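Structure file work_30.pdb (PDB, C-alpha atoms and all ligand atoms) is printed below.
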ATOM      1  CA  ARG Y   1     132.928 124.878  86.593
ATOM      2  CA  ASP Y   2     133.873 124.907  90.207
ATOM      3  CA  LEU Y   3     135.830 121.804  91.129
ATOM      4  CA  HIS Y   4     133.576 121.181  94.106
ATOM      5  CA  SER Y   5     130.421 121.030  91.986
ATOM      6  CA  PHE Y   6     131.543 117.887  90.103
ATOM      7  CA  PRO Y   7     129.541 114.886  91.183
ATOM      8  CA  THR Y   8     131.923 112.525  92.879
ATOM      9  CA  ARG Y   9     131.273 109.055  94.173
ATOM     10  CA  ARG Y  10     132.546 108.968  97.668
ATOM     11  CA  SER Y  11     132.910 105.777  99.632
ATOM     12  CA  SER Y  12     130.359 107.106 102.110
ATOM     13  CA  ASP Y  13     127.786 107.199  99.275
ATOM     14  CA  LEU Y  14     128.468 103.550  98.551
ATOM     15  CA  ALA Y  15     128.193 102.729 102.213
ATOM     16  CA  LYS Y  16     124.697 104.268 102.333
ATOM     17  CA  ARG Y  17     123.377 101.938  99.632
ATOM     18  CA  PRO Y  18     121.573  98.752 100.562
ATOM     19  CA  ASN Y  19     123.808  95.685 100.354
ATOM     20  CA  HIS Y  20     122.310  94.346  97.130
ATOM     21  CA  GLN Y  21     123.365  97.593  95.358
ATOM     22  CA  ARG Y  22     126.921  97.550  96.651
ATOM     23  CA  PRO Y  23     129.378  95.863  94.315
ATOM     24  CA  GLY Y  24     130.961  92.806  95.899
ATOM     25  CA  VAL Y  25     129.195  93.204  99.230
ATOM     26  CA  GLU Y  26     126.631  90.472  98.649
ATOM     27  CA  LYS Y  27     129.448  88.026  98.140
ATOM     28  CA  VAL Y  28     131.259  89.107 101.288
ATOM     29  CA  MET Y  29     128.118  89.154 103.405
ATOM     30  CA  SER Y  30     127.161  85.603 102.479
ATOM     31  CA  ASN Y  31     130.660  84.361 103.196
ATOM     32  CA  TYR Y  32     129.977  82.446 106.377
ATOM     33  CA  ASN Y  33     127.705  79.462 105.989
ATOM     34  CA  LYS Y  34     128.782  77.920 109.245
ATOM     35  CA  ILE Y  35     130.063  79.605 112.378
ATOM     36  CA  LEU Y  36     131.615  78.039 115.462
ATOM     37  CA  MET Y  37     131.601  79.880 118.778
ATOM     38  CA  ALA Y  38     133.828  78.655 121.575
ATOM     39  CA  VAL Y  39     132.723  79.263 125.151
ATOM     40  CA  ASP Y  40     134.356  78.639 128.507
ATOM     41  CA  LEU Y  41     130.895  79.051 130.121
ATOM     42  CA  SER Y  42     132.038  81.990 132.250
ATOM     43  CA  GLU Y  43     129.817  85.098 132.353
ATOM     44  CA  ASP Y  44     131.815  86.447 129.375
ATOM     45  CA  SER Y  45     130.264  83.751 127.200
ATOM     46  CA  ASP Y  46     127.063  85.772 126.770
ATOM     47  CA  THR Y  47     129.044  88.563 125.089
ATOM     48  CA  VAL Y  48     130.686  86.047 122.744
ATOM     49  CA  ALA Y  49     127.294  84.489 121.970
ATOM     50  CA  GLU Y  50     125.638  87.832 121.250
ATOM     51  CA  ARG Y  51     128.299  88.691 118.629
ATOM     52  CA  ALA Y  52     128.267  85.205 117.122
ATOM     53  CA  LEU Y  53     124.467  85.180 116.929
ATOM     54  CA  ALA Y  54     124.353  88.576 115.249
ATOM     55  CA  ILE Y  55     126.872  87.458 112.605
ATOM     56  CA  ALA Y  56     125.087  84.133 112.121
ATOM     57  CA  HIS Y  57     121.812  85.997 111.673
ATOM     58  CA  ASN Y  58     123.298  88.464 109.149
ATOM     59  CA  ASN Y  59     124.886  85.629 107.177
ATOM     60  CA  ASP Y  60     121.971  83.253 107.541
ATOM     61  CA  ALA Y  61     124.572  80.832 108.850
ATOM     62  CA  GLU Y  62     124.389  77.651 110.903
ATOM     63  CA  LEU Y  63     125.733  78.298 114.405
ATOM     64  CA  HIS Y  64     127.638  75.695 116.416
ATOM     65  CA  VAL Y  65     128.880  76.010 119.982
ATOM     66  CA  ILE Y  66     131.785  74.164 121.588
ATOM     67  CA  HIS Y  67     132.934  73.837 125.184
ATOM     68  CA  VAL Y  68     136.153  71.962 125.848
ATOM     69  CA  ILE Y  69     136.945  70.163 129.088
ATOM     70  CA  GLU Y  70     140.588  69.646 129.863
ATOM     71  CA  PRO Y  71     141.234  66.097 131.111
ATOM     72  CA  LEU Y  72     142.254  65.995 134.774
ATOM     73  CA  SER Y  73     145.106  63.721 133.747
ATOM     74  CA  PHE Y  74     146.653  66.653 131.828
ATOM     75  CA  ALA Y  75     147.066  68.518 135.081
ATOM     76  CA  TYR Y  76     147.603  65.729 137.626
ATOM     77  CA  GLY Y  77     148.218  62.592 135.595
ATOM     78  CA  GLY Y  78     151.903  62.201 136.318
ATOM     79  CA  ASP Y  79     151.803  63.366 139.930
ATOM     80  CA  ILE Y  80     148.849  61.610 141.551
ATOM     81  CA  PRO Y  81     148.511  57.848 141.039
ATOM     82  CA  MET Y  82     144.730  57.651 140.930
ATOM     83  CA  ASP Y  83     141.878  56.870 138.561
ATOM     84  CA  PHE Y  84     140.172  60.098 137.504
ATOM     85  CA  SER Y  85     137.531  58.533 135.262
ATOM     86  CA  GLY Y  86     134.619  58.836 137.753
ATOM     87  CA  ILE Y  87     135.301  62.517 138.461
ATOM     88  CA  GLN Y  88     135.920  63.153 134.787
ATOM     89  CA  ASP Y  89     132.506  61.683 133.860
ATOM     90  CA  GLU Y  90     130.869  63.844 136.523
ATOM     91  CA  ILE Y  91     132.570  66.985 135.136
ATOM     92  CA  HIS Y  92     131.499  66.010 131.607
ATOM     93  CA  GLN Y  93     127.854  65.610 132.622
ATOM     94  CA  GLN Y  94     127.833  68.935 134.429
ATOM     95  CA  ALA Y  95     129.423  70.659 131.432
ATOM     96  CA  GLU Y  96     126.783  69.165 129.134
ATOM     97  CA  GLN Y  97     124.020  70.446 131.380
ATOM     98  CA  GLN Y  98     125.574  73.902 131.584
ATOM     99  CA  LEU Y  99     126.082  74.066 127.822
ATOM    100  CA  ALA Y 100     122.523  72.870 127.197
ATOM    101  CA  LYS Y 101     121.213  75.694 129.399
ATOM    102  CA  PHE Y 102     123.459  78.209 127.656
ATOM    103  CA  ALA Y 103     122.528  76.974 124.163
ATOM    104  CA  LEU Y 104     118.820  77.038 124.992
ATOM    105  CA  LYS Y 105     119.125  80.623 126.217
ATOM    106  CA  HIS Y 106     120.773  81.643 122.932
ATOM    107  CA  GLY Y 107     118.717  79.403 120.657
ATOM    108  CA  VAL Y 108     121.477  77.078 119.458
ATOM    109  CA  ASP Y 109     120.111  73.789 118.080
ATOM    110  CA  GLU Y 110     120.670  70.665 120.152
ATOM    111  CA  ALA Y 111     122.530  69.008 117.263
ATOM    112  CA  HIS Y 112     124.979  71.913 117.154
ATOM    113  CA  ARG Y 113     126.153  71.709 120.774
ATOM    114  CA  HIS Y 114     129.524  70.084 121.372
ATOM    115  CA  VAL Y 115     131.189  69.172 124.661
ATOM    116  CA  VAL Y 116     134.632  67.787 123.935
ATOM    117  CA  LEU Y 117     137.532  66.510 126.019
ATOM    118  CA  GLY Y 118     140.996  67.830 125.182
ATOM    119  CA  ARG Y 119     142.995  71.009 124.746
ATOM    120  CA  PRO Y 120     140.744  73.957 123.828
ATOM    121  CA  GLU Y 121     142.798  75.215 120.838
ATOM    122  CA  VAL Y 122     143.225  71.743 119.377
ATOM    123  CA  GLU Y 123     139.585  70.728 119.765
ATOM    124  CA  ILE Y 124     138.254  74.068 118.508
ATOM    125  CA  HIS Y 125     140.386  73.777 115.342
ATOM    126  CA  SER Y 126     139.401  70.207 114.813
ATOM    127  CA  LEU Y 127     135.645  70.858 115.195
ATOM    128  CA  ALA Y 128     135.882  73.898 112.903
ATOM    129  CA  GLU Y 129     137.348  71.607 110.221
ATOM    130  CA  GLU Y 130     134.800  68.878 110.878
ATOM    131  CA  THR Y 131     131.807  71.206 110.642
ATOM    132  CA  GLY Y 132     133.279  73.253 107.775
ATOM    133  CA  ALA Y 133     133.036  76.484 109.787
ATOM    134  CA  GLY Y 134     134.240  79.580 107.957
ATOM    135  CA  LEU Y 135     134.471  81.594 111.163
ATOM    136  CA  ILE Y 136     135.433  80.832 114.745
ATOM    137  CA  VAL Y 137     134.258  83.303 117.401
ATOM    138  CA  VAL Y 138     136.140  83.435 120.719
ATOM    139  CA  GLY Y 139     136.361  85.847 123.624
ATOM    140  CA  SER Y 140     139.536  87.796 124.257
ATOM    141  CA  HIS Y 141     140.680  89.549 127.420
ATOM    142  CA  GLY Y 142     142.882  92.588 127.036
ATOM    143  CA  ARG Y 143     146.002  90.963 128.453
ATOM    144  CA  TYR Y 144     149.359  92.497 129.082
ATOM    145  CA  GLY Y 145     152.668  91.597 130.669
ATOM    146  CA  LEU Y 146     153.351  88.001 131.599
ATOM    147  CA  ALA Y 147     149.825  86.856 130.775
ATOM    148  CA  LEU Y 148     150.295  88.093 127.222
ATOM    149  CA  ILE Y 149     153.621  86.322 126.864
ATOM    150  CA  MET Y 150     152.105  83.096 128.182
ATOM    151  CA  GLY Y 151     149.409  83.375 125.544
ATOM    152  CA  SER Y 152     145.673  82.923 125.694
ATOM    153  CA  THR Y 153     143.104  80.621 124.213
ATOM    154  CA  ALA Y 154     142.170  83.306 121.659
ATOM    155  CA  ASN Y 155     145.840  83.492 120.609
ATOM    156  CA  GLY Y 156     146.087  79.738 120.382
ATOM    157  CA  VAL Y 157     142.927  79.538 118.285
ATOM    158  CA  LEU Y 158     144.131  82.259 115.937
ATOM    159  CA  HIS Y 159     147.445  80.529 115.287
ATOM    160  CA  GLY Y 160     146.946  77.541 113.095
ATOM    161  CA  ALA Y 161     143.291  78.185 112.246
ATOM    162  CA  ASN Y 162     142.321  77.387 108.662
ATOM    163  CA  CYS Y 163     139.441  79.834 108.714
ATOM    164  CA  ASP Y 164     138.685  83.347 109.974
ATOM    165  CA  VAL Y 165     138.809  83.980 113.709
ATOM    166  CA  LEU Y 166     136.940  86.749 115.488
ATOM    167  CA  ALA Y 167     138.219  87.682 118.948
ATOM    168  CA  VAL Y 168     135.410  89.439 120.796
ATOM    169  CA  ARG Y 169     136.703  91.719 123.524
ATOM    170  CA  VAL Y 170     135.403  90.575 126.901
ATOM    171  CA  GLY Y 171     136.184  91.485 130.495
TER     172      GLY Y 171
HETATM  173  P1  LIG M   1     141.037  82.612 127.858
HETATM  174  O1  LIG M   1     142.126  82.978 126.936
HETATM  175  O2  LIG M   1     141.206  81.271 128.497
HETATM  176  O3  LIG M   1     140.690  83.696 128.802
HETATM  177  O4  LIG M   1     139.720  82.384 126.971
HETATM  178  C1  LIG M   1     139.311  83.287 125.997
HETATM  179  C2  LIG M   1     138.246  82.660 125.149
HETATM  180  O5  LIG M   1     138.687  81.377 124.671
HETATM  181  C3  LIG M   1     136.910  82.356 125.828
HETATM  182  O6  LIG M   1     136.067  83.497 125.842
HETATM  183  C4  LIG M   1     136.358  81.288 124.910
HETATM  184  O7  LIG M   1     135.859  81.855 123.704
HETATM  185  C5  LIG M   1     137.602  80.489 124.578
HETATM  186  N1  LIG M   1     137.808  79.385 125.539
HETATM  187  C6  LIG M   1     138.595  79.369 126.645
HETATM  188  N2  LIG M   1     138.513  78.193 127.281
HETATM  189  C7  LIG M   1     137.633  77.434 126.566
HETATM  190  C8  LIG M   1     137.098  76.127 126.710
HETATM  191  N3  LIG M   1     137.445  75.338 127.717
HETATM  192  N4  LIG M   1     136.229  75.677 125.781
HETATM  193  C9  LIG M   1     135.868  76.470 124.739
HETATM  194  N5  LIG M   1     136.334  77.711 124.559
HETATM  195  C10 LIG M   1     137.193  78.198 125.453
END
For this file, produce the structure as structure tokens.
Amino acid sequence: RDLHSFPTRRSSDLAKRPNHQRPGVEKVMSNYNKILMAVDLSEDSDTVAERALAIAHNNDAELHVIHVIEPLSFAYGGDIPMDFSGIQDEIHQQAEQQLAKFALKHGVDEAHRHVVLGRPEVEIHSLAEETGAGLIVVGSHGRYGLALIMGSTANGVLHGANCDVLAVRVG
């Protein structure tokens, strides 16, 4: 018998089967019960949301969204002797409004919207732990040179995360 006439099971055959007939796939596909997407509210955020929503939909997962505001005192605290609390409150309110608009557009529940004050990487990690997210979705710019050496939020989120991190290419 010609070698080529033997029925072989190629990986492409397996790939053509529906998920419930693929060994192990069901388990993998239902891996993420909770997903956290982090957005800086720039125009790139829509791309991040589209990917996160698609994964949440495929996994039947609960989707949370976080936007972090960096305290003005981080940047100016030591240099300018002034009380930033009024401006900070104003920034917080605006961020909440912007996130609400964004979340509404993408259908994220009100209870799953988080505006937090702090360092993005730190707050994203901490909310992922708090919510029990199995996946964090962030945007990532193709950086090179000095910008790469300095690091990015996506890099910071990846390092030290206790769950999976998906860096969606944006920009
Ligand atoms: P960057 O490295 O700052 O260009 O940001 C890349 C990605 O990190 C963004 O697409 C977001 O997913 C996330 N990110 C950056 N800044 C924030 C922020 N303030 N709050 C939440 N996520 C952020």
Centre and size of axis-aligned box enclosing segment 98-115 of chain Y plus 4 Å each side, as lines of an AutoDock Vina configuration file:
center_x = 125.0
center_y = 75.3
center_z = 124.4
size_x = 20.5
size_y = 20.6
size_z = 22.4
Contacts of ligand LIG 1 (chain M), 8 Å or closer, only C-alpha atoms and all ligand atoms, given as number ranges by chain | Y: 37-42, 44-45, 48, 66-70, 119-121, 124, 137-141, 151-155, 157, 167-168, 170
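Residue selection for this entry, given the PyMOL selection byres (((chain Y and resi 111) around 12) and not hetatm), comprises Glu62, Leu63, His64, Val65, Ile66, Ala100, Ala103, Leu104, Gly107, Val108, Asp109, Glu110, His112, Arg113, His114, Val115 and Thr131 of chain Y.
The residue that comes closest to Gly156 of chain Y, out of Y:Glu50, Y:Glu96, Y:Glu123, Y:Asp89 and on the basis of all atoms listed in the file, is Y:Glu123.
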Suppose you want the space between atom CA of Met82 of chain Y and atom CA of Gln98 of chain Y; what is it in Å?
-> 26.8 Å
Using all atoms listed in the file, which residues sit within 10 Å of Ile35 of chain Y once same-chain residues fewer than 6 positions away are excluded, as JSON, numbers by chain?
-> {"Y": [52, 53, 55, 56, 59, 61, 62, 63, 64, 65, 128, 131, 132, 133, 134, 135, 136, 137, 164, 165]}
note - atom CA of Arg51 of chain Y and atom CA of Asn33 of chain Y are separated by 15.7 Å
Looking at Y:Lys101, Y:Ser85, Y:Glu130, Y:Gly118, which one is nearest to Lys34 of chain Y, with distances taken over all atoms listed in the file?
-> Y:Glu130
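Across the structure, atom CA of Asp60 of chain Y and atom CA of Phe102 of chain Y are spaced 20.8 Å apart.
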Which one is closest to Gln88 of chain Y: Y:Leu117, Y:Ala161, Y:Gly142, Y:His106? Count all atoms listed in the file.
-> Y:Leu117
